[in-house]
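The file upload26.cif comes next; it holds mmCIF, C-alpha atoms and all ligand atoms.
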data_run
loop_
_atom_site.group_PDB
_atom_site.id
_atom_site.type_symbol
_atom_site.label_atom_id
_atom_site.label_comp_id
_atom_site.auth_asym_id
_atom_site.auth_seq_id
_atom_site.Cartn_x
_atom_site.Cartn_y
_atom_site.Cartn_z
ATOM 1 C CA MET T 1 117.057 61.852 105.903
ATOM 2 C CA ALA T 2 116.290 58.201 106.487
ATOM 3 C CA ASN T 3 112.623 57.373 106.985
ATOM 4 C CA LYS T 4 111.082 55.608 109.959
ATOM 5 C CA ILE T 5 109.581 52.473 108.461
ATOM 6 C CA ILE T 6 107.581 49.532 109.760
ATOM 7 C CA ALA T 7 107.215 46.864 107.085
ATOM 8 C CA GLY T 8 105.213 43.661 107.485
ATOM 9 C CA ASN T 9 106.379 40.596 105.574
ATOM 10 C CA TRP T 10 103.421 38.235 105.701
ATOM 11 C CA LYS T 11 105.363 35.454 103.944
ATOM 12 C CA MET T 12 103.183 32.509 102.810
ATOM 13 C CA ASN T 13 100.448 33.072 105.395
ATOM 14 C CA LEU T 14 96.747 33.974 105.548
ATOM 15 C CA SER T 15 93.706 33.256 103.390
ATOM 16 C CA ALA T 16 92.344 36.060 101.203
ATOM 17 C CA LYS T 17 89.708 36.890 103.821
ATOM 18 C CA GLU T 18 92.204 36.882 106.672
ATOM 19 C CA ALA T 19 94.564 39.075 104.679
ATOM 20 C CA MET T 20 91.824 41.600 103.850
ATOM 21 C CA ASP T 21 90.648 41.680 107.472
ATOM 22 C CA LEU T 22 94.221 42.385 108.523
ATOM 23 C CA ILE T 23 94.771 45.152 105.971
ATOM 24 C CA LYS T 24 91.451 46.771 106.882
ATOM 25 C CA GLY T 25 92.285 46.465 110.571
ATOM 26 C CA ILE T 26 95.665 48.138 110.158
ATOM 27 C CA SER T 27 94.158 50.870 107.958
ATOM 28 C CA GLN T 28 91.764 51.799 110.765
ATOM 29 C CA GLN T 29 94.524 52.304 113.337
ATOM 30 C CA GLU T 30 96.134 55.548 114.269
ATOM 31 C CA ILE T 31 99.671 55.476 112.927
ATOM 32 C CA PRO T 32 102.211 58.203 113.815
ATOM 33 C CA SER T 33 102.435 60.581 110.862
ATOM 34 C CA ASP T 34 106.228 60.320 110.624
ATOM 35 C CA VAL T 35 106.190 56.507 110.269
ATOM 36 C CA LYS T 36 105.890 54.888 106.848
ATOM 37 C CA VAL T 37 103.966 51.630 106.899
ATOM 38 C CA MET T 38 104.184 48.969 104.245
ATOM 39 C CA VAL T 39 102.980 45.394 104.014
ATOM 40 C CA PHE T 40 104.042 42.546 101.782
ATOM 41 C CA PRO T 41 101.132 40.085 101.459
ATOM 42 C CA SER T 42 101.128 37.007 99.260
ATOM 43 C CA ALA T 43 101.387 38.285 95.674
ATOM 44 C CA LEU T 44 97.969 36.713 95.013
ATOM 45 C CA TYR T 45 96.409 39.411 97.160
ATOM 46 C CA THR T 46 98.346 42.433 95.929
ATOM 47 C CA GLY T 47 95.433 43.963 94.023
ATOM 48 C CA LEU T 48 92.906 43.332 96.765
ATOM 49 C CA ALA T 49 95.232 44.643 99.441
ATOM 50 C CA ALA T 50 95.953 47.801 97.439
ATOM 51 C CA THR T 51 92.208 48.392 97.142
ATOM 52 C CA PHE T 52 91.606 48.171 100.880
ATOM 53 C CA ALA T 53 94.815 49.771 102.171
ATOM 54 C CA GLU T 54 94.654 53.309 103.472
ATOM 55 C CA GLY T 55 97.943 55.015 104.162
ATOM 56 C CA ILE T 56 99.804 51.729 103.716
ATOM 57 C CA GLU T 57 102.147 50.911 100.861
ATOM 58 C CA ILE T 58 101.623 47.489 99.338
ATOM 59 C CA GLY T 59 104.615 45.497 98.197
ATOM 60 C CA VAL T 60 105.544 42.103 96.809
ATOM 61 C CA GLN T 61 107.836 39.618 98.541
ATOM 62 C CA ASN T 62 109.593 38.766 95.299
ATOM 63 C CA PHE T 63 109.592 39.760 91.626
ATOM 64 C CA SER T 64 111.315 38.696 88.449
ATOM 65 C CA GLU T 65 114.456 40.234 87.064
ATOM 66 C CA ASN T 66 112.915 39.765 83.609
ATOM 67 C CA ASP T 67 110.334 41.667 81.601
ATOM 68 C CA ASN T 68 106.990 40.038 80.799
ATOM 69 C CA GLY T 69 107.451 36.853 78.794
ATOM 70 C CA ALA T 70 107.800 33.081 78.988
ATOM 71 C CA TYR T 71 108.743 32.693 82.669
ATOM 72 C CA THR T 72 106.183 30.303 84.148
ATOM 73 C CA GLY T 73 105.262 31.089 87.728
ATOM 74 C CA GLU T 74 107.108 34.411 87.850
ATOM 75 C CA ILE T 75 105.742 37.922 88.410
ATOM 76 C CA SER T 76 107.076 40.981 86.611
ATOM 77 C CA ILE T 77 107.425 44.457 88.039
ATOM 78 C CA ALA T 78 105.012 45.718 85.371
ATOM 79 C CA GLN T 79 102.390 43.225 86.569
ATOM 80 C CA THR T 80 102.825 44.112 90.238
ATOM 81 C CA LYS T 81 102.603 47.817 89.449
ATOM 82 C CA SER T 82 99.431 47.257 87.434
ATOM 83 C CA VAL T 83 97.657 45.990 90.570
ATOM 84 C CA GLY T 84 99.001 48.636 92.913
ATOM 85 C CA ALA T 85 102.323 47.401 94.316
ATOM 86 C CA THR T 86 104.893 50.132 94.724
ATOM 87 C CA ILE T 87 107.779 48.222 96.283
ATOM 88 C CA GLY T 88 109.331 44.746 96.449
ATOM 89 C CA LEU T 89 111.676 42.768 98.669
ATOM 90 C CA ILE T 90 114.974 41.653 97.170
ATOM 91 C CA GLY T 91 117.169 38.935 98.624
ATOM 92 C CA HIS T 92 115.212 37.825 101.658
ATOM 93 C CA SER T 93 117.214 35.058 103.326
ATOM 94 C CA GLU T 94 114.393 32.576 102.660
ATOM 95 C CA ARG T 95 114.651 33.328 98.912
ATOM 96 C CA ARG T 96 118.418 32.995 99.082
ATOM 97 C CA ALA T 97 118.298 29.709 101.024
ATOM 98 C CA TYR T 98 115.266 27.852 99.639
ATOM 99 C CA TYR T 99 115.168 29.168 96.060
ATOM 100 C CA LYS T 100 118.901 29.504 95.587
ATOM 101 C CA GLU T 101 118.770 33.150 94.575
ATOM 102 C CA ASP T 102 122.426 34.024 94.147
ATOM 103 C CA HIS T 103 124.291 37.309 94.110
ATOM 104 C CA ALA T 104 124.040 37.681 90.343
ATOM 105 C CA THR T 105 120.257 37.157 90.365
ATOM 106 C CA LEU T 106 119.809 39.664 93.177
ATOM 107 C CA LYS T 107 121.974 42.194 91.373
ATOM 108 C CA ALA T 108 119.830 41.706 88.248
ATOM 109 C CA LYS T 109 116.692 42.322 90.354
ATOM 110 C CA VAL T 110 118.213 45.498 91.776
ATOM 111 C CA ASP T 111 119.013 46.692 88.258
ATOM 112 C CA LYS T 112 115.551 45.817 86.969
ATOM 113 C CA ALA T 113 113.909 47.681 89.862
ATOM 114 C CA ILE T 114 116.081 50.735 89.194
ATOM 115 C CA SER T 115 115.279 50.697 85.486
ATOM 116 C CA GLU T 116 111.539 50.376 86.219
ATOM 117 C CA ASN T 117 111.637 53.027 88.954
ATOM 118 C CA PHE T 118 110.299 50.457 91.422
ATOM 119 C CA ASP T 119 111.228 50.806 95.101
ATOM 120 C CA PHE T 120 112.768 47.890 96.951
ATOM 121 C CA ILE T 121 114.033 46.725 100.309
ATOM 122 C CA PHE T 122 117.363 44.969 99.886
ATOM 123 C CA CYS T 123 117.726 42.254 102.554
ATOM 124 C CA CYS T 124 121.001 41.030 103.967
ATOM 125 C CA GLY T 125 122.114 39.086 107.040
ATOM 126 C CA GLU T 126 124.408 36.334 108.192
ATOM 127 C CA PRO T 127 123.614 32.710 109.133
ATOM 128 C CA LEU T 128 124.420 31.421 112.620
ATOM 129 C CA PHE T 129 127.764 29.792 111.821
ATOM 130 C CA ILE T 130 129.070 33.058 110.412
ATOM 131 C CA ARG T 131 128.006 34.925 113.571
ATOM 132 C CA GLU T 132 129.629 32.209 115.688
ATOM 133 C CA GLU T 133 132.929 32.499 113.850
ATOM 134 C CA GLY T 134 132.771 36.301 114.240
ATOM 135 C CA SER T 135 132.838 37.226 110.553
ATOM 136 C CA GLU T 136 129.349 38.720 110.252
ATOM 137 C CA LEU T 137 130.587 42.174 109.240
ATOM 138 C CA GLN T 138 132.648 40.837 106.328
ATOM 139 C CA PHE T 139 129.782 38.543 105.306
ATOM 140 C CA VAL T 140 127.140 41.282 105.162
ATOM 141 C CA GLN T 141 129.506 43.747 103.509
ATOM 142 C CA GLN T 142 130.148 41.146 100.813
ATOM 143 C CA GLN T 143 126.397 40.673 100.247
ATOM 144 C CA LEU T 144 126.047 44.425 99.743
ATOM 145 C CA ASP T 145 129.159 44.668 97.560
ATOM 146 C CA ASP T 146 127.975 41.771 95.400
ATOM 147 C CA SER T 147 124.442 42.915 94.618
ATOM 148 C CA LEU T 148 123.784 46.510 95.698
ATOM 149 C CA PHE T 149 126.857 48.692 95.901
ATOM 150 C CA HIS T 150 127.352 48.777 92.135
ATOM 151 C CA LEU T 151 124.621 51.445 92.034
ATOM 152 C CA SER T 152 125.637 55.050 91.489
ATOM 153 C CA ALA T 153 125.418 57.574 94.332
ATOM 154 C CA GLU T 154 122.320 59.052 92.754
ATOM 155 C CA GLN T 155 120.670 55.622 92.537
ATOM 156 C CA MET T 156 121.581 54.771 96.145
ATOM 157 C CA MET T 157 119.877 57.872 97.542
ATOM 158 C CA ASN T 158 116.889 57.030 99.772
ATOM 159 C CA LYS T 159 117.207 53.270 99.304
ATOM 160 C CA ILE T 160 116.085 50.830 102.012
ATOM 161 C CA ILE T 161 118.233 48.029 103.419
ATOM 162 C CA ALA T 162 116.967 45.418 105.895
ATOM 163 C CA TYR T 163 119.487 43.686 108.129
ATOM 164 C CA GLU T 164 117.987 40.344 109.102
ATOM 165 C CA PRO T 165 120.348 37.950 110.868
ATOM 166 C CA VAL T 166 119.195 34.515 109.686
ATOM 167 C CA TRP T 167 119.544 33.035 113.172
ATOM 168 C CA ALA T 168 116.994 35.539 114.516
ATOM 169 C CA ILE T 169 114.288 34.982 111.880
ATOM 170 C CA GLY T 170 111.267 33.152 113.224
ATOM 171 C CA THR T 171 113.343 31.705 116.067
ATOM 172 C CA GLY T 172 112.240 33.996 118.885
ATOM 173 C CA LYS T 173 115.942 34.778 119.287
ATOM 174 C CA THR T 174 116.401 38.508 118.690
ATOM 175 C CA ALA T 175 119.694 40.218 118.109
ATOM 176 C CA THR T 176 120.524 42.388 121.100
ATOM 177 C CA SER T 177 120.126 46.111 120.533
ATOM 178 C CA GLU T 178 123.957 46.343 120.578
ATOM 179 C CA GLN T 179 124.313 43.648 117.895
ATOM 180 C CA ALA T 180 121.705 45.335 115.691
ATOM 181 C CA GLU T 181 123.119 48.842 116.148
ATOM 182 C CA ASP T 182 126.662 47.612 115.563
ATOM 183 C CA MET T 183 125.751 46.093 112.187
ATOM 184 C CA HIS T 184 123.592 49.072 111.185
ATOM 185 C CA ARG T 185 126.341 51.547 112.078
ATOM 186 C CA ASN T 186 128.769 49.606 109.924
ATOM 187 C CA ILE T 187 126.347 49.431 106.998
ATOM 188 C CA ARG T 188 125.966 53.215 107.129
ATOM 189 C CA LEU T 189 129.728 53.611 107.381
ATOM 190 C CA TRP T 190 130.282 51.441 104.295
ATOM 191 C CA ILE T 191 127.759 53.527 102.360
ATOM 192 C CA ALA T 192 129.527 56.722 103.466
ATOM 193 C CA GLU T 193 132.903 55.264 102.414
ATOM 194 C CA LYS T 194 131.636 53.955 99.089
ATOM 195 C CA TYR T 195 129.438 56.959 98.276
ATOM 196 C CA ASN T 196 129.288 59.916 100.661
ATOM 197 C CA GLU T 197 127.715 61.130 103.914
ATOM 198 C CA GLN T 198 124.641 62.526 102.213
ATOM 199 C CA VAL T 199 123.813 59.172 100.625
ATOM 200 C CA ALA T 200 124.565 57.328 103.889
ATOM 201 C CA LYS T 201 122.152 59.548 105.826
ATOM 202 C CA SER T 202 119.415 59.108 103.230
ATOM 203 C CA VAL T 203 119.369 55.283 103.371
ATOM 204 C CA SER T 204 116.862 53.697 105.779
ATOM 205 C CA ILE T 205 118.269 50.636 107.537
ATOM 206 C CA LEU T 206 115.664 48.302 109.041
ATOM 207 C CA TYR T 207 116.177 45.466 111.492
ATOM 208 C CA GLY T 208 114.373 42.136 111.069
ATOM 209 C CA GLY T 209 114.336 38.974 113.156
ATOM 210 C CA SER T 210 111.847 38.174 115.936
ATOM 211 C CA CYS T 211 111.115 41.874 116.366
ATOM 212 C CA LYS T 212 107.943 42.407 118.420
ATOM 213 C CA PRO T 213 106.365 45.066 120.634
ATOM 214 C CA SER T 214 108.213 43.790 123.725
ATOM 215 C CA ASN T 215 111.689 44.295 122.248
ATOM 216 C CA ALA T 216 111.195 46.900 119.500
ATOM 217 C CA LYS T 217 111.680 50.050 121.593
ATOM 218 C CA GLU T 218 115.113 48.939 122.681
ATOM 219 C CA ILE T 219 116.170 47.910 119.175
ATOM 220 C CA PHE T 220 114.765 51.033 117.481
ATOM 221 C CA ALA T 221 116.574 53.213 120.043
ATOM 222 C CA GLY T 222 119.812 52.510 118.156
ATOM 223 C CA PRO T 223 120.685 55.726 116.289
ATOM 224 C CA ASN T 224 121.217 53.771 113.065
ATOM 225 C CA VAL T 225 118.092 51.624 113.326
ATOM 226 C CA ASP T 226 115.371 53.250 111.230
ATOM 227 C CA GLY T 227 112.644 50.678 111.735
ATOM 228 C CA GLY T 228 111.803 47.037 111.246
ATOM 229 C CA LEU T 229 110.967 44.376 108.705
ATOM 230 C CA ILE T 230 108.561 42.258 110.680
ATOM 231 C CA GLY T 231 107.456 38.670 110.108
ATOM 232 C CA GLY T 232 105.392 36.937 112.803
ATOM 233 C CA ALA T 233 104.368 40.080 114.677
ATOM 234 C CA SER T 234 103.009 41.645 111.469
ATOM 235 C CA LEU T 235 100.221 39.072 111.316
ATOM 236 C CA ASN T 236 97.982 40.720 113.874
ATOM 237 C CA VAL T 237 96.665 44.252 114.046
ATOM 238 C CA GLU T 238 97.577 44.990 117.675
ATOM 239 C CA ASP T 239 101.221 43.923 117.515
ATOM 240 C CA PHE T 240 101.844 45.493 114.147
ATOM 241 C CA THR T 241 100.269 48.780 115.174
ATOM 242 C CA ALA T 242 102.177 48.768 118.458
ATOM 243 C CA LEU T 243 105.401 48.498 116.461
ATOM 244 C CA THR T 244 104.597 51.730 114.632
ATOM 245 C CA HIS T 245 104.455 53.410 118.067
ATOM 246 C CA SER T 246 107.775 51.960 119.227
ATOM 247 C CA PHE T 247 110.139 54.723 118.071
HETATM 248 P P1 LIG R 1 110.176 37.165 112.109
HETATM 249 O O1 LIG R 1 109.806 38.547 112.556
HETATM 250 O O2 LIG R 1 109.022 36.207 112.097
HETATM 251 O O3 LIG R 1 111.385 36.641 112.814
HETATM 252 O O4 LIG R 1 110.591 37.302 110.550
HETATM 253 C C1 LIG R 1 111.462 38.300 110.169
HETATM 254 C C2 LIG R 1 111.504 38.341 108.690
HETATM 255 O O5 LIG R 1 111.983 37.421 108.054
HETATM 256 C C3 LIG R 1 110.925 39.496 108.012
HETATM 257 O O6 LIG R 1 111.255 39.525 106.669
#
Take the structure from the file and write it as structure tokens.
Ligand code: 13P
Amino acid sequence: MANKIIAGNWKMNLSAKEAMDLIKGISQQEIPSDVKVMVFPSALYTGLAATFAEGIEIGVQNFSENDNGAYTGEISIAQTKSVGATIGLIGHSERRAYYKEDHATLKAKVDKAISENFDFIFCCGEPLFIREEGSELQFVQQQLDDSLFHLSAEQMMNKIIAYEPVWAIGTGKTATSEQAEDMHRNIRLWIAEKYNEQVAKSVSILYGGSCKPSNAKEIFAGPNVDGGLIGGASLNVEDFTALTHSF
């Protein structure tokens, strides 16, 4: 069974104090017991956040596909685990666009995470021009084929995918609930075709892109929408907590 998940991607925001206040604030809230909550602070704060978090998984926004070694500025899975991270994002559109992470790099990160038994959220989503030309399904399927669908059925069980249309990220422009559900239904269908029904049902598919308390209920009502990967609205306790109550 897919999990209900609310994940906060804090991106490159907040001072250490602000981040700790936020994590403490969220930890004090009442969160429905069937909703998994995870936050992805700046990697600088991983250890601190893990210390203060109660009932919240702490993740990293990015990690290296390499083992420890001479990779200046990079962070290994072993390092993130040693300070309490249990999960990492792979292939966020900002990493793809600004840091030129290509399909091969993302595939290598997927493989490294699998070999280190490290959970991940694999992000996919089309830019505006692809949506406008109507080829978003082919585009997202290709992203999954290129970097994720090489996994075995056993490895794909219980994985997490986030569909984040690039044109909806940080723009205030949300996908309609129909657009989100349509993509999510197709993603689950592709998993069922490539693997089987059992694997397809076990994968959690999150929506991301200007998701906030005012639109979340409608989006999460889609039968194939298992939760959200939240940017802006994850930066304050009230909005983020409200999202966990939006199923
Ligand atoms: P916003 O919620 O700010 O649009 O960001 C979404 C996102 O990129 C989460 O990873």
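Distance check against Lys11 (chain T) using all atoms listed in the file: of T:Glu94, T:Asp119, T:Glu154, T:Asp67, the minimum falls on T:Glu94.
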Task: Spatial neighbours of Thr86 (chain T), max dist 10 Å, all atoms listed in the file, sep filter under 2 positions, as a list in words - done: Met38, Ala50, Glu57, Ile58, Gly59, Val60, Ile77, Thr80, Lys81, Ser82, Val83, Gly84, Gly88, Asn117, Phe118, Asp119 and Phe120 of chain T
Open item on the list: as a VMD selection string, please: the residues near Glu238 (chain T) (cut-off 12 Å, all atoms listed in the file, same-chain neighbours under 4 positions excluded).
Closed with: chain T and resid 22 25 to 31 212 to 213 233 to 234 242 to 245
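With all atoms listed in the file as the atoms that count, the set of residues no farther than 8 Å from ligand LIG 1 (chain R) is Gly8, Asn9, Trp10, Lys11, His92, Ser93, Glu94, Glu164, Val166, Ala168, Ile169, Gly170, Thr171, Gly172, Thr174, Gly208, Gly209, Ser210, Cys211, Lys212, Leu229, Ile230, Gly231, Gly232, Ala233 and Ser234 of chain T.
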Output C-alpha atoms for every residue in that selection, as a compact mmCIF listing (two decimals), in the frame of the given file.
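The resulting file, out_5.txt, is reproduced below:
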# COMPACT_ATOMS: atom_id res chain seq x y z
CA GLY T 8 105.21 43.66 107.48
CA ASN T 9 106.38 40.60 105.57
CA TRP T 10 103.42 38.24 105.70
CA LYS T 11 105.36 35.45 103.94
CA HIS T 92 115.21 37.83 101.66
CA SER T 93 117.21 35.06 103.33
CA GLU T 94 114.39 32.58 102.66
CA GLU T 164 117.99 40.34 109.10
CA VAL T 166 119.20 34.52 109.69
CA ALA T 168 116.99 35.54 114.52
CA ILE T 169 114.29 34.98 111.88
CA GLY T 170 111.27 33.15 113.22
CA THR T 171 113.34 31.70 116.07
CA GLY T 172 112.24 34.00 118.88
CA THR T 174 116.40 38.51 118.69
CA GLY T 208 114.37 42.14 111.07
CA GLY T 209 114.34 38.97 113.16
CA SER T 210 111.85 38.17 115.94
CA CYS T 211 111.12 41.87 116.37
CA LYS T 212 107.94 42.41 118.42
CA LEU T 229 110.97 44.38 108.70
CA ILE T 230 108.56 42.26 110.68
CA GLY T 231 107.46 38.67 110.11
CA GLY T 232 105.39 36.94 112.80
CA ALA T 233 104.37 40.08 114.68
CA SER T 234 103.01 41.64 111.47
Task: Explicit residue set for the PyMOL selection byres (((chain T and resi 4) around 9) and not hetatm), as a VMD selection string - done: chain T and resid 2 to 3 5 to 6 34 to 37 204 206 225 to 228 244 247
TODO: Expand the PyMOL selection byres (((chain T and resi 218) around 9) and not hetatm) into the individual residues it matches in the shown file, reporting them as a ChimeraX atom specification.
DONE: /T:176-177,214-217,219-222,246-247
Task: One-decimal distance in Å that lies between CA of Ala175 (chain T) and CA of Phe129 (chain T) - done: 14.6 Å
TODO: Using CA of Pro32 (chain T) and CA of Ala53 (chain T) as the two end points, give the distance in Å to one decimal.
DONE: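 Distance between the two atoms: 16.2 Å.
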